[in-house]
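Structure data follow from run-v1.csv (CSV, C-alpha atoms and all ligand atoms):
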chain,number,residue,atom,x,y,z
A,2,MET,CA,111.3,111.6,77.9
A,3,PRO,CA,110.3,112.4,81.5
A,4,THR,CA,112.5,110.6,84.0
A,5,PHE,CA,111.4,109.6,87.5
A,6,ASN,CA,113.2,108.3,90.5
A,7,ALA,CA,112.0,105.2,92.4
A,8,ASP,CA,110.1,107.2,95.1
A,9,GLN,CA,108.3,109.3,92.4
A,10,LEU,CA,107.2,106.2,90.6
A,11,LEU,CA,105.9,104.6,93.8
A,12,SER,CA,104.1,107.8,94.7
A,13,ILE,CA,102.5,108.2,91.2
A,14,ALA,CA,101.3,104.6,91.3
A,15,VAL,CA,99.9,104.9,94.9
A,16,GLN,CA,98.0,108.1,94.1
A,17,VAL,CA,96.4,106.6,90.9
A,18,LEU,CA,95.5,103.3,92.6
A,19,GLU,CA,94.0,104.9,95.7
A,20,GLY,CA,92.2,107.3,93.4
A,21,ALA,CA,90.6,104.3,91.7
A,22,GLY,CA,89.4,103.0,95.1
A,23,VAL,CA,92.2,100.5,96.0
A,24,PRO,CA,92.7,100.3,99.8
A,25,PRO,CA,95.9,102.0,100.8
A,26,ALA,CA,97.7,98.9,102.0
A,27,ASP,CA,97.0,97.1,98.7
A,28,ALA,CA,97.9,100.2,96.6
A,29,ALA,CA,101.3,100.2,98.4
A,30,VAL,CA,101.9,96.6,97.4
A,31,VAL,CA,100.9,97.0,93.8
A,32,ALA,CA,102.7,100.3,93.4
A,33,ALA,CA,105.9,98.7,94.8
A,34,GLU,CA,105.7,95.9,92.2
A,35,LEU,CA,105.2,98.4,89.4
A,36,ARG,CA,108.1,100.5,90.5
A,37,ASP,CA,110.4,97.5,90.9
A,38,ALA,CA,109.5,96.3,87.4
A,39,ASN,CA,110.5,99.7,86.0
A,40,LEU,CA,113.7,99.6,88.1
A,41,VAL,CA,114.8,96.2,86.7
A,42,GLY,CA,114.1,97.4,83.2
A,43,HIS,CA,110.8,95.6,82.5
A,44,ASP,CA,108.8,98.8,81.6
A,45,SER,CA,106.1,96.6,80.1
A,46,HIS,CA,105.2,95.6,83.7
A,47,GLY,CA,105.9,99.0,85.3
A,48,VAL,CA,103.7,102.0,85.9
A,49,MET,CA,102.4,101.8,82.3
A,50,ARG,CA,100.0,99.1,83.7
A,51,LEU,CA,98.2,101.7,85.8
A,52,VAL,CA,96.0,102.7,82.9
A,53,GLN,CA,95.0,99.1,82.2
A,54,TYR,CA,94.4,98.3,85.9
A,55,VAL,CA,92.2,101.4,86.4
A,56,GLN,CA,90.3,100.4,83.3
A,57,MET,CA,89.8,96.9,84.6
A,58,ILE,CA,88.6,98.3,87.9
A,59,ASP,CA,86.1,100.6,86.0
A,60,ASP,CA,85.0,97.5,84.0
A,61,GLY,CA,84.3,95.6,87.3
A,62,PHE,CA,86.8,92.9,86.3
A,63,VAL,CA,89.3,93.9,89.0
A,64,LYS,CA,87.6,94.0,92.4
A,65,PRO,CA,89.8,96.0,94.8
A,66,GLY,CA,89.8,94.7,98.3
A,67,GLY,CA,88.6,91.2,97.3
A,68,GLU,CA,89.1,88.6,99.9
A,69,PHE,CA,92.0,86.1,99.7
A,70,GLU,CA,90.0,83.0,100.6
A,71,VAL,CA,91.9,79.8,101.3
A,72,LEU,CA,89.7,77.0,99.9
A,73,ARG,CA,91.9,74.0,100.6
A,74,ASP,CA,94.6,73.9,103.3
A,75,ALA,CA,97.1,71.1,104.0
A,76,PRO,CA,100.6,71.2,105.5
A,77,ALA,CA,102.4,71.3,102.1
A,78,PHE,CA,99.8,73.0,99.9
A,79,ALA,CA,96.9,75.4,99.7
A,80,VAL,CA,94.4,76.4,97.0
A,81,ALA,CA,93.1,80.0,97.3
A,82,ASP,CA,90.6,82.2,95.6
A,83,ALA,CA,91.7,85.8,95.2
A,84,HIS,CA,88.2,86.9,94.2
A,85,PHE,CA,89.6,89.1,91.5
A,86,ASN,CA,91.5,91.4,93.7
A,87,LEU,CA,94.6,93.0,92.2
A,88,GLY,CA,97.0,90.1,91.3
A,89,GLN,CA,100.1,91.6,93.1
A,90,VAL,CA,98.2,91.6,96.4
A,91,ALA,CA,97.1,88.0,95.9
A,92,ALA,CA,100.5,86.8,94.8
A,93,THR,CA,102.1,88.5,97.8
A,94,ARG,CA,99.7,86.7,100.1
A,95,ALA,CA,100.4,83.4,98.3
A,96,LEU,CA,104.1,83.9,98.8
A,97,GLU,CA,103.6,84.5,102.6
A,98,ILE,CA,101.6,81.3,102.9
A,99,ALA,CA,104.1,79.3,100.9
A,100,ARG,CA,107.0,80.6,103.0
A,101,GLU,CA,105.3,79.6,106.3
A,102,LYS,CA,104.4,76.1,105.0
A,103,ALA,CA,107.7,75.4,103.3
A,104,ARG,CA,109.6,76.5,106.5
A,105,ALA,CA,107.5,74.1,108.5
A,106,VAL,CA,107.5,71.0,106.2
A,107,GLY,CA,110.3,71.6,103.7
A,108,THR,CA,108.3,72.4,100.6
A,109,ALA,CA,104.9,73.9,99.8
A,110,THR,CA,102.8,74.7,96.8
A,111,VAL,CA,100.2,77.4,96.6
A,112,MET,CA,97.7,77.6,93.8
A,113,VAL,CA,95.5,80.8,93.3
A,114,ARG,CA,92.5,81.1,91.2
A,115,ASN,CA,90.6,84.2,90.1
A,116,CYS,CA,93.8,86.3,90.5
A,117,ASN,CA,94.4,89.3,88.3
A,118,HIS,CA,97.6,90.1,86.6
A,119,VAL,CA,100.4,89.5,89.1
A,120,GLY,CA,103.0,91.5,87.2
A,121,ARG,CA,106.6,90.3,87.1
A,122,LEU,CA,107.0,86.8,88.4
A,123,GLY,CA,110.7,87.2,89.1
A,124,SER,CA,109.9,89.7,91.8
A,125,TYR,CA,108.3,87.1,94.0
A,126,THR,CA,110.7,84.2,93.3
A,127,HIS,CA,113.7,86.6,93.8
A,128,ARG,CA,112.4,87.6,97.3
A,129,ALA,CA,111.9,83.9,98.1
A,130,ALA,CA,115.4,83.1,97.0
A,131,LEU,CA,116.8,85.8,99.2
A,132,ASP,CA,115.0,84.1,102.1
A,133,GLY,CA,116.8,80.8,101.4
A,134,PHE,CA,114.2,79.1,99.2
A,135,ALA,CA,114.4,77.5,95.8
A,136,ALA,CA,111.3,79.0,94.2
A,137,GLN,CA,109.2,78.3,91.1
A,138,MET,CA,106.3,80.3,90.0
A,139,ALA,CA,104.3,80.2,86.8
A,140,VAL,CA,101.0,81.7,85.7
A,141,ASN,CA,98.6,81.1,82.8
A,142,SER,CA,96.1,83.5,81.4
A,143,PRO,CA,92.6,82.1,81.2
A,144,GLY,CA,90.5,83.5,78.3
A,145,PRO,CA,91.3,84.5,74.7
A,146,GLY,CA,95.1,84.3,74.0
A,147,GLY,CA,97.6,86.3,72.0
A,148,VAL,CA,100.0,83.5,71.1
A,149,ALA,CA,99.7,81.1,68.2
A,150,ALA,CA,99.9,77.3,68.7
A,151,PHE,CA,102.9,75.8,67.0
A,152,GLY,CA,102.1,75.7,63.3
A,153,GLY,CA,98.9,77.8,63.8
A,154,ILE,CA,98.0,81.4,62.8
A,155,ASP,CA,95.2,82.3,65.3
A,156,LYS,CA,95.7,83.7,68.8
A,157,LYS,CA,95.1,80.7,71.0
A,158,LEU,CA,97.4,80.7,74.1
A,159,GLY,CA,98.5,83.1,76.8
A,160,THR,CA,102.1,84.3,77.1
A,161,SER,CA,102.3,82.1,80.3
A,162,PRO,CA,105.5,83.0,82.0
A,163,ILE,CA,107.6,80.9,84.3
A,164,SER,CA,110.2,81.9,86.9
A,165,MET,CA,112.7,79.9,88.9
A,166,ALA,CA,115.0,81.4,91.5
A,167,VAL,CA,117.7,80.2,93.9
A,168,PRO,CA,120.1,82.0,96.2
A,169,ALA,CA,123.5,82.6,94.7
A,170,ALA,CA,126.6,84.5,95.8
A,171,GLY,CA,124.7,86.9,98.1
A,172,ASP,CA,122.0,87.5,95.6
A,173,ALA,CA,120.1,85.0,93.4
A,174,PHE,CA,119.8,83.4,90.0
A,175,VAL,CA,116.4,84.5,88.7
A,176,LEU,CA,115.1,83.0,85.5
A,177,ASP,CA,111.9,84.8,84.6
A,178,MET,CA,110.6,84.3,81.0
A,179,THR,CA,107.5,84.0,78.9
A,180,THR,CA,106.8,80.8,77.0
A,181,SER,CA,106.1,83.0,74.1
A,182,ALA,CA,108.7,84.7,71.8
A,183,THR,CA,107.8,88.0,73.5
A,184,ALA,CA,105.7,89.4,76.3
A,185,GLU,CA,102.5,91.1,75.0
A,186,GLY,CA,103.5,94.2,77.1
A,187,LYS,CA,106.7,94.5,75.1
A,188,LEU,CA,104.7,94.7,71.9
A,189,ARG,CA,102.6,97.4,73.4
A,190,VAL,CA,105.7,99.4,74.5
A,191,ALA,CA,107.2,99.1,70.9
A,192,PHE,CA,103.8,100.0,69.4
A,193,GLN,CA,103.6,103.1,71.7
A,194,LYS,CA,107.2,104.1,70.8
A,195,GLY,CA,106.5,103.6,67.1
A,196,GLU,CA,109.3,101.0,66.9
A,197,ARG,CA,109.6,97.7,65.1
A,198,VAL,CA,110.2,94.4,66.9
A,199,ALA,CA,112.8,91.8,66.1
A,200,ASP,CA,112.3,89.1,63.5
A,201,GLY,CA,110.7,85.8,64.6
A,202,LEU,CA,108.5,87.2,67.4
A,203,ILE,CA,105.1,87.8,65.6
A,204,ILE,CA,103.1,87.0,62.6
A,205,ASP,CA,100.5,89.1,60.9
A,206,GLY,CA,96.8,88.1,60.5
A,207,GLU,CA,97.6,85.9,57.5
A,208,GLY,CA,100.5,84.1,59.2
A,209,ASN,CA,103.3,86.0,57.5
A,210,PRO,CA,106.4,86.9,59.5
A,211,SER,CA,106.1,90.5,60.7
A,212,THR,CA,108.2,93.1,62.7
A,213,ASP,CA,105.4,95.6,62.9
A,214,PRO,CA,103.8,95.5,66.4
A,215,GLY,CA,100.7,97.2,64.8
A,216,ASP,CA,99.9,93.9,63.0
A,217,PHE,CA,99.1,92.4,66.3
A,218,TYR,CA,96.3,94.9,66.9
A,219,LYS,CA,94.9,94.9,63.4
A,220,ASP,CA,91.9,93.0,62.0
A,221,PRO,CA,92.4,90.2,61.2
A,222,PRO,CA,94.8,90.2,64.2
A,223,GLY,CA,98.3,88.9,64.1
A,224,ALA,CA,99.7,86.6,66.8
A,225,ILE,CA,102.8,86.2,69.0
A,226,LEU,CA,104.8,83.1,68.1
A,227,PRO,CA,105.6,80.6,70.9
A,228,LEU,CA,109.1,80.7,72.4
A,229,GLY,CA,111.5,79.3,69.8
A,230,GLY,CA,109.8,81.0,66.9
A,231,PRO,CA,109.1,79.4,63.5
A,232,LEU,CA,111.8,76.8,64.0
A,233,LEU,CA,111.8,75.7,67.6
A,234,GLY,CA,108.4,77.0,68.7
A,235,HIS,CA,107.2,73.5,69.5
A,236,LYS,CA,109.1,73.8,72.8
A,237,GLY,CA,107.6,77.1,74.0
A,238,TYR,CA,104.2,75.8,72.8
A,239,GLY,CA,104.6,72.6,74.8
A,240,LEU,CA,105.5,74.5,77.9
A,241,SER,CA,102.6,76.8,77.5
A,242,VAL,CA,100.1,73.9,77.2
A,243,MET,CA,101.5,72.4,80.4
A,244,LEU,CA,101.3,75.7,82.2
A,245,ASP,CA,97.7,75.9,81.2
A,246,MET,CA,97.2,72.5,82.9
A,247,PHE,CA,99.3,73.2,86.0
A,248,CYS,CA,98.4,76.9,86.6
A,249,GLY,CA,94.9,77.0,85.1
A,250,VAL,CA,93.3,73.6,85.6
A,251,LEU,CA,94.9,72.7,89.0
A,252,SER,CA,94.3,76.2,90.5
A,253,GLY,CA,90.7,76.1,89.2
A,254,SER,CA,91.3,79.4,87.3
A,255,GLY,CA,90.6,78.2,83.8
A,256,VAL,CA,92.6,77.9,80.6
A,257,ALA,CA,93.2,79.7,77.4
A,258,ARG,CA,89.8,79.6,75.7
A,259,ASP,CA,87.8,82.2,73.7
A,260,ASP,CA,84.6,82.0,75.8
A,261,LEU,CA,86.3,82.9,79.1
A,262,PRO,CA,87.0,86.5,80.2
A,263,ARG,CA,90.5,87.7,79.6
A,264,GLY,CA,92.9,89.4,82.0
A,265,ALA,CA,93.3,87.1,85.0
A,266,ASN,CA,96.2,84.8,86.0
A,267,GLY,CA,96.1,81.3,87.4
A,268,VAL,CA,99.0,81.0,89.8
A,269,TRP,CA,101.3,78.1,90.7
A,270,LEU,CA,103.9,78.8,93.3
A,271,THR,CA,106.2,76.2,94.8
A,272,LEU,CA,109.0,76.8,97.4
A,273,LEU,CA,111.7,74.4,98.7
A,274,ASP,CA,113.4,75.4,101.9
A,275,ILE,CA,117.0,74.7,100.8
A,276,GLU,CA,118.5,74.1,104.2
A,277,GLN,CA,116.1,71.2,104.8
A,278,PHE,CA,117.5,69.6,101.6
A,279,LEU,CA,121.2,70.1,102.2
A,280,PRO,CA,123.5,72.1,104.5
A,281,LYS,CA,123.9,75.8,103.5
A,282,GLY,CA,127.7,75.5,103.2
A,283,GLU,CA,127.4,72.7,100.8
A,284,TYR,CA,124.8,74.5,98.7
A,285,ASP,CA,126.9,77.7,98.6
A,286,GLY,CA,130.0,75.7,97.6
A,287,TRP,CA,128.2,74.1,94.6
A,288,VAL,CA,126.9,77.5,93.5
A,289,ALA,CA,130.2,79.3,93.8
A,290,ARG,CA,132.0,76.7,91.7
A,291,TYR,CA,129.2,76.7,89.2
A,292,ILE,CA,129.4,80.5,88.7
A,293,GLU,CA,133.2,80.1,88.1
A,294,HIS,CA,132.5,77.3,85.6
A,295,ILE,CA,130.0,79.4,83.6
A,296,LYS,CA,131.8,82.7,83.7
A,297,SER,CA,135.1,81.2,82.6
A,298,SER,CA,133.6,80.4,79.1
A,299,ARG,CA,135.2,81.7,76.0
A,300,ARG,CA,132.9,84.4,74.6
A,301,MET,CA,131.4,85.1,71.2
A,302,PRO,CA,132.6,88.3,69.4
A,303,GLY,CA,131.0,91.4,70.9
A,304,VAL,CA,130.1,89.7,74.2
A,305,ASP,CA,131.9,91.3,77.2
A,306,GLU,CA,130.6,88.9,79.8
A,307,ILE,CA,128.5,85.8,80.2
A,308,LEU,CA,125.6,86.7,82.5
A,309,LEU,CA,123.6,84.4,84.7
A,310,PRO,CA,119.8,84.5,84.8
A,311,GLY,CA,118.6,87.6,86.6
A,312,GLU,CA,122.0,89.3,86.5
A,313,ILE,CA,120.9,91.8,83.8
A,314,GLU,CA,117.9,92.9,85.9
A,315,GLN,CA,120.0,93.2,89.1
A,316,ARG,CA,122.5,95.4,87.3
A,317,ARG,CA,119.8,97.5,85.7
A,318,SER,CA,118.1,98.0,89.0
A,319,LYS,CA,121.3,99.5,90.5
A,320,GLN,CA,121.8,101.7,87.5
A,321,ARG,CA,118.2,103.0,87.4
A,322,ALA,CA,118.1,103.5,91.1
A,323,LEU,CA,120.9,106.0,90.5
A,324,GLU,CA,119.9,107.5,87.1
A,325,GLY,CA,116.1,107.3,87.3
A,326,VAL,CA,113.6,105.6,85.0
A,327,PRO,CA,112.7,107.3,81.6
A,328,ILE,CA,108.9,106.9,80.9
A,329,PRO,CA,107.8,107.3,77.2
A,330,GLU,CA,105.8,110.5,76.6
A,331,GLU,CA,102.8,108.5,75.5
A,332,THR,CA,102.8,106.4,78.6
A,333,TRP,CA,103.1,109.4,80.8
A,334,ARG,CA,100.3,111.2,78.9
A,335,GLN,CA,98.0,108.2,79.4
A,336,ILE,CA,98.8,108.0,83.2
A,337,ARG,CA,98.1,111.7,83.6
A,338,GLU,CA,94.9,111.4,81.6
A,339,THR,CA,93.8,108.5,83.8
A,340,ALA,CA,94.7,110.4,87.0
A,341,GLU,CA,92.7,113.5,85.8
A,342,ARG,CA,89.7,111.3,85.0
A,343,LEU,CA,89.9,110.0,88.6
A,344,GLY,CA,90.1,113.5,89.9
A,345,VAL,CA,93.7,112.9,91.2
A,346,GLU,CA,96.1,115.8,91.0
A,347,LEU,CA,99.4,114.0,90.6
A,348,ALA,CA,102.1,115.2,92.9
A,349,PRO,CA,105.2,113.2,92.1
A,401,LIG,N1,101.8,88.2,84.8
A,401,LIG,C1,101.7,87.9,83.6
A,401,LIG,O1,100.6,87.5,83.1
A,401,LIG,C2,102.9,87.9,82.7
A,401,LIG,C3,102.8,87.5,81.3
A,401,LIG,C4,103.9,87.6,80.5
A,401,LIG,C5,105.1,88.1,81.0
A,401,LIG,N2,105.2,88.5,82.3
A,401,LIG,C6,106.5,89.0,82.8
A,401,LIG,O2,107.1,89.7,81.8
A,401,LIG,C7,108.5,89.8,82.0
A,401,LIG,C8,109.3,89.7,80.8
A,401,LIG,O3,109.5,88.4,80.3
A,401,LIG,P1,110.5,88.1,79.1
A,401,LIG,O4,110.4,86.7,78.7
A,401,LIG,O5,110.2,89.1,78.0
A,401,LIG,O6,111.9,88.4,79.8
A,401,LIG,P2,113.4,88.6,79.0
A,401,LIG,O7,113.4,87.9,77.7
A,401,LIG,O8,113.8,90.0,79.1
A,401,LIG,O9,114.3,87.7,80.0
A,401,LIG,C9,114.1,86.3,80.2
A,401,LIG,C10,115.2,85.8,81.1
A,401,LIG,O10,116.5,85.8,80.5
A,401,LIG,C11,117.4,86.5,81.3
A,401,LIG,N3,118.4,87.2,80.4
A,401,LIG,C12,118.1,88.3,79.7
A,401,LIG,N4,119.2,88.6,79.0
A,401,LIG,C13,120.2,87.7,79.3
A,401,LIG,C14,121.5,87.6,78.9
A,401,LIG,N5,122.1,88.4,78.1
A,401,LIG,N6,122.2,86.6,79.5
A,401,LIG,C15,121.7,85.7,80.3
A,401,LIG,N7,120.4,85.8,80.7
A,401,LIG,C16,119.6,86.8,80.2
A,401,LIG,C17,116.7,87.4,82.2
A,401,LIG,O11,117.4,87.5,83.4
A,401,LIG,C18,115.4,86.6,82.4
A,401,LIG,O12,115.5,85.7,83.5
A,401,LIG,C19,108.8,88.7,83.1
A,401,LIG,O13,109.1,89.4,84.3
A,401,LIG,C20,107.5,87.9,83.2
A,401,LIG,O14,107.2,87.5,84.5
A,401,LIG,C21,104.1,88.4,83.1
Can the structure in the file be given as structure tokens, please?
Amino acid sequence: MPTFNADQLLSIAVQVLEGAGVPPADAAVVAAELRDANLVGHDSHGVMRLVQYVQMIDDGFVKPGGEFEVLRDAPAFAVADAHFNLGQVAATRALEIAREKARAVGTATVMVRNCNHVGRLGSYTHRAALDGFAAQMAVNSPGPGGVAAFGGIDKKLGTSPISMAVPAAGDAFVLDMTTSATAEGKLRVAFQKGERVADGLIIDGEGNPSTDPGDFYKDPPGAILPLGGPLLGHKGYGLSVMLDMFCGVLSGSGVARDDLPRGANGVWLTLLDIEQFLPKGEYDGWVARYIEHIKSSRRMPGVDEILLPGEIEQRRSKQRALEGVPIPEETWRQIRETAERLGVELAP
């Protein structure tokens, strides 16, 4: 498998995006998000997305350089229209606005409609946490879904992820998870590698349990199960329905529905400026004791350490920064093919 370092990944992504007509400043933002997703180990949200993004630009769905228009503006909230620019650019702007407002009045919520795929939510909440905020971000996916409703067979809902992050011990706790049993991108990675997926993640087109990611793409198509799988999926399903309401309806983006175009995100971002809620020393004291409390647990056989949310990504990021990021042959072939089509001679 070809292996790239962080700078090479960034450079590849910038070249492809600029080749597809993305303004350089925006290409740099998106490329950094893709690189960082690879670094933390979420390859499903890394440079493999370049192929999809370029296709979406070609199809006219993604509109590079689209204006970030603030439609409603108040001290503690804003509603914006990203006019289908690349989602990472819009989410980065939303984060800047939320930061300014939350610093000024303690808390702020920013909703974004017509925003394309923002990538990995934990990237934005993590950055906010490192700046002293408690952050929550969630997105829905208007349009046809990939996830079954609890008890259903058909694809009805998006994988609607939610992330929450807070500062902790010099870094942050970062929860970042889909409300489905798996992210769709992870199925695509398994499919491209020719691997099977774990039990309880997907069903085939007739509703039978399956571990073959190919079943998801067949006709009749299979579906991803809601988080919790066959037994506890009512919880993931319930969360997903609520995120369609918060992220989709309140942002004005739209909800999971077969007659709406697919591919965008409705964004809900809320920040709380922690020091306006309690003194920093008090906050840090609570968190330090909490980490001790969790980490001191007796462990199941085969478990070396209890990890906190986000810790696995933080460790992988350090490791991959040293060792590089292996990119599957098929992903690399598709990226090169896309670059060639754009007339870009990739110089990593
Ligand atoms: N923009 C979009 O439309 C979209 C849609 C779906 C998913 N996503 C992104 O896909 C990514 C993958 O989501 P996922 O649900 O597959 O993530 P995941 O299942 O790998 O991780 C979920 C959470 O569990 C934590 N975790 C993992 N292993 C752990 C362990 N052993 N102990 C303690 N905590 C642990 C992680 O830190 C993370 O916070 C996310 O970054 C999400 O934002 C984006």
Measuring atom to atom with all atoms listed in the file, identify which of A:Val41, A:Met243, A:Ala289, A:Leu279 is nearest to ligand LIG 401 (chain A). A:Val41
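Shortest atom-to-atom contact with ligand LIG 401 (chain A) among A:Gln56, A:Gln89, A:Asn6, A:Ser12: A:Gln89, counting only C-alpha atoms and all ligand atoms.
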Near ligand LIG 401 (chain A), 6 Å: chain A residue rows, closest pairs, all atoms listed in the file, as a tab-separated table:
residue	atom	partner	partner_atom	distance
A:His118	CA	A:LIG401	N1	4.9
A:Val119	CA	A:LIG401	N1	4.7
A:Gly120	CA	A:LIG401	N1	4.3
A:Arg121	CA	A:LIG401	O13	3.9
A:Leu122	CA	A:LIG401	O14	4.0
A:Gly123	CA	A:LIG401	O13	5.5
A:Thr160	CA	A:LIG401	C4	5.1
A:Ser161	CA	A:LIG401	C3	5.5
A:Pro162	CA	A:LIG401	C4	5.1
A:Val175	CA	A:LIG401	O12	5.4
A:Leu176	CA	A:LIG401	O12	3.4
A:Asp177	CA	A:LIG401	O12	3.9
A:Met178	CA	A:LIG401	O4	3.3
A:Thr179	CA	A:LIG401	O4	4.0
A:Thr183	CA	A:LIG401	O5	5.2
A:Ala184	CA	A:LIG401	O5	4.8
A:Asn266	CA	A:LIG401	O1	5.9
A:Leu308	CA	A:LIG401	N6	4.5
A:Leu309	CA	A:LIG401	C15	5.0
A:Pro310	CA	A:LIG401	O11	4.1
A:Gly311	CA	A:LIG401	O11	3.4
A:Glu312	CA	A:LIG401	O11	5.8
A:Ile313	CA	A:LIG401	O11	5.6
A:Glu314	CA	A:LIG401	O11	6.0
Would you compute the distance between CA of Ala91 in chain A and CA of Val113 in chain A? Give it in Å to one decimal. 7.8 Å
7 Å contact set for Leu343 in chain A, all atoms listed in the file, chain neighbours under 3 positions out, as a PyMOL selection string: chain A and resi 20-21+339-340
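Considering all atoms listed in the file, the residue among A:Gly133, A:Pro25, A:Gly152, A:Gly325 positioned nearest to Val90 in chain A is A:Pro25.
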If we count all atoms listed in the file and set the cut-off at 7 Å, which residues sit around range 202-208 of chain A, ignoring sequence neighbours fewer than 4 positions away in its own chain? Please answer as a ChimeraX atom specification. /A:154,182-183,212,216-217,221-226,230
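Here CA of Ala173 in chain A stands at a distance of 17.8 Å from CA of His43 in chain A.
We find CA of Ala166 in chain A and CA of Gly234 in chain A to be spaced 24.1 Å apart.
Counting only C-alpha atoms and comparing A:Pro143, A:Pro168, A:Gly153, A:Pro329, the residue that lies closest to Cys248 in chain A is A:Pro143.
For the residues A:Met57, A:Ile307, A:Val190, A:Val111, ranking by smallest atom-to-atom distance to Thr332 in chain A using all atoms listed in the file places A:Val190 first.
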When distances are computed from only C-alpha atoms, which of A:Ser241, A:Asn117, A:Thr110, A:Asn209 shows the smallest separation from Ile163 in chain A? A:Ser241
Distance query Ile58 in chain A at most 10 Å, only C-alpha atoms, self and fewer than 4 positions along chain excluded, as a VMD selection string: chain A and resid 18 21 to 23 52 to 54 62 to 65 85 to 87
Find the spatial neighbours of Ala79 in chain A, counting only C-alpha atoms, within a cut-off of 8 Å - ignore same-chain residues fewer than 4 positions away - and output them as a PyMOL selection string. chain A and resi 71-75+110-112
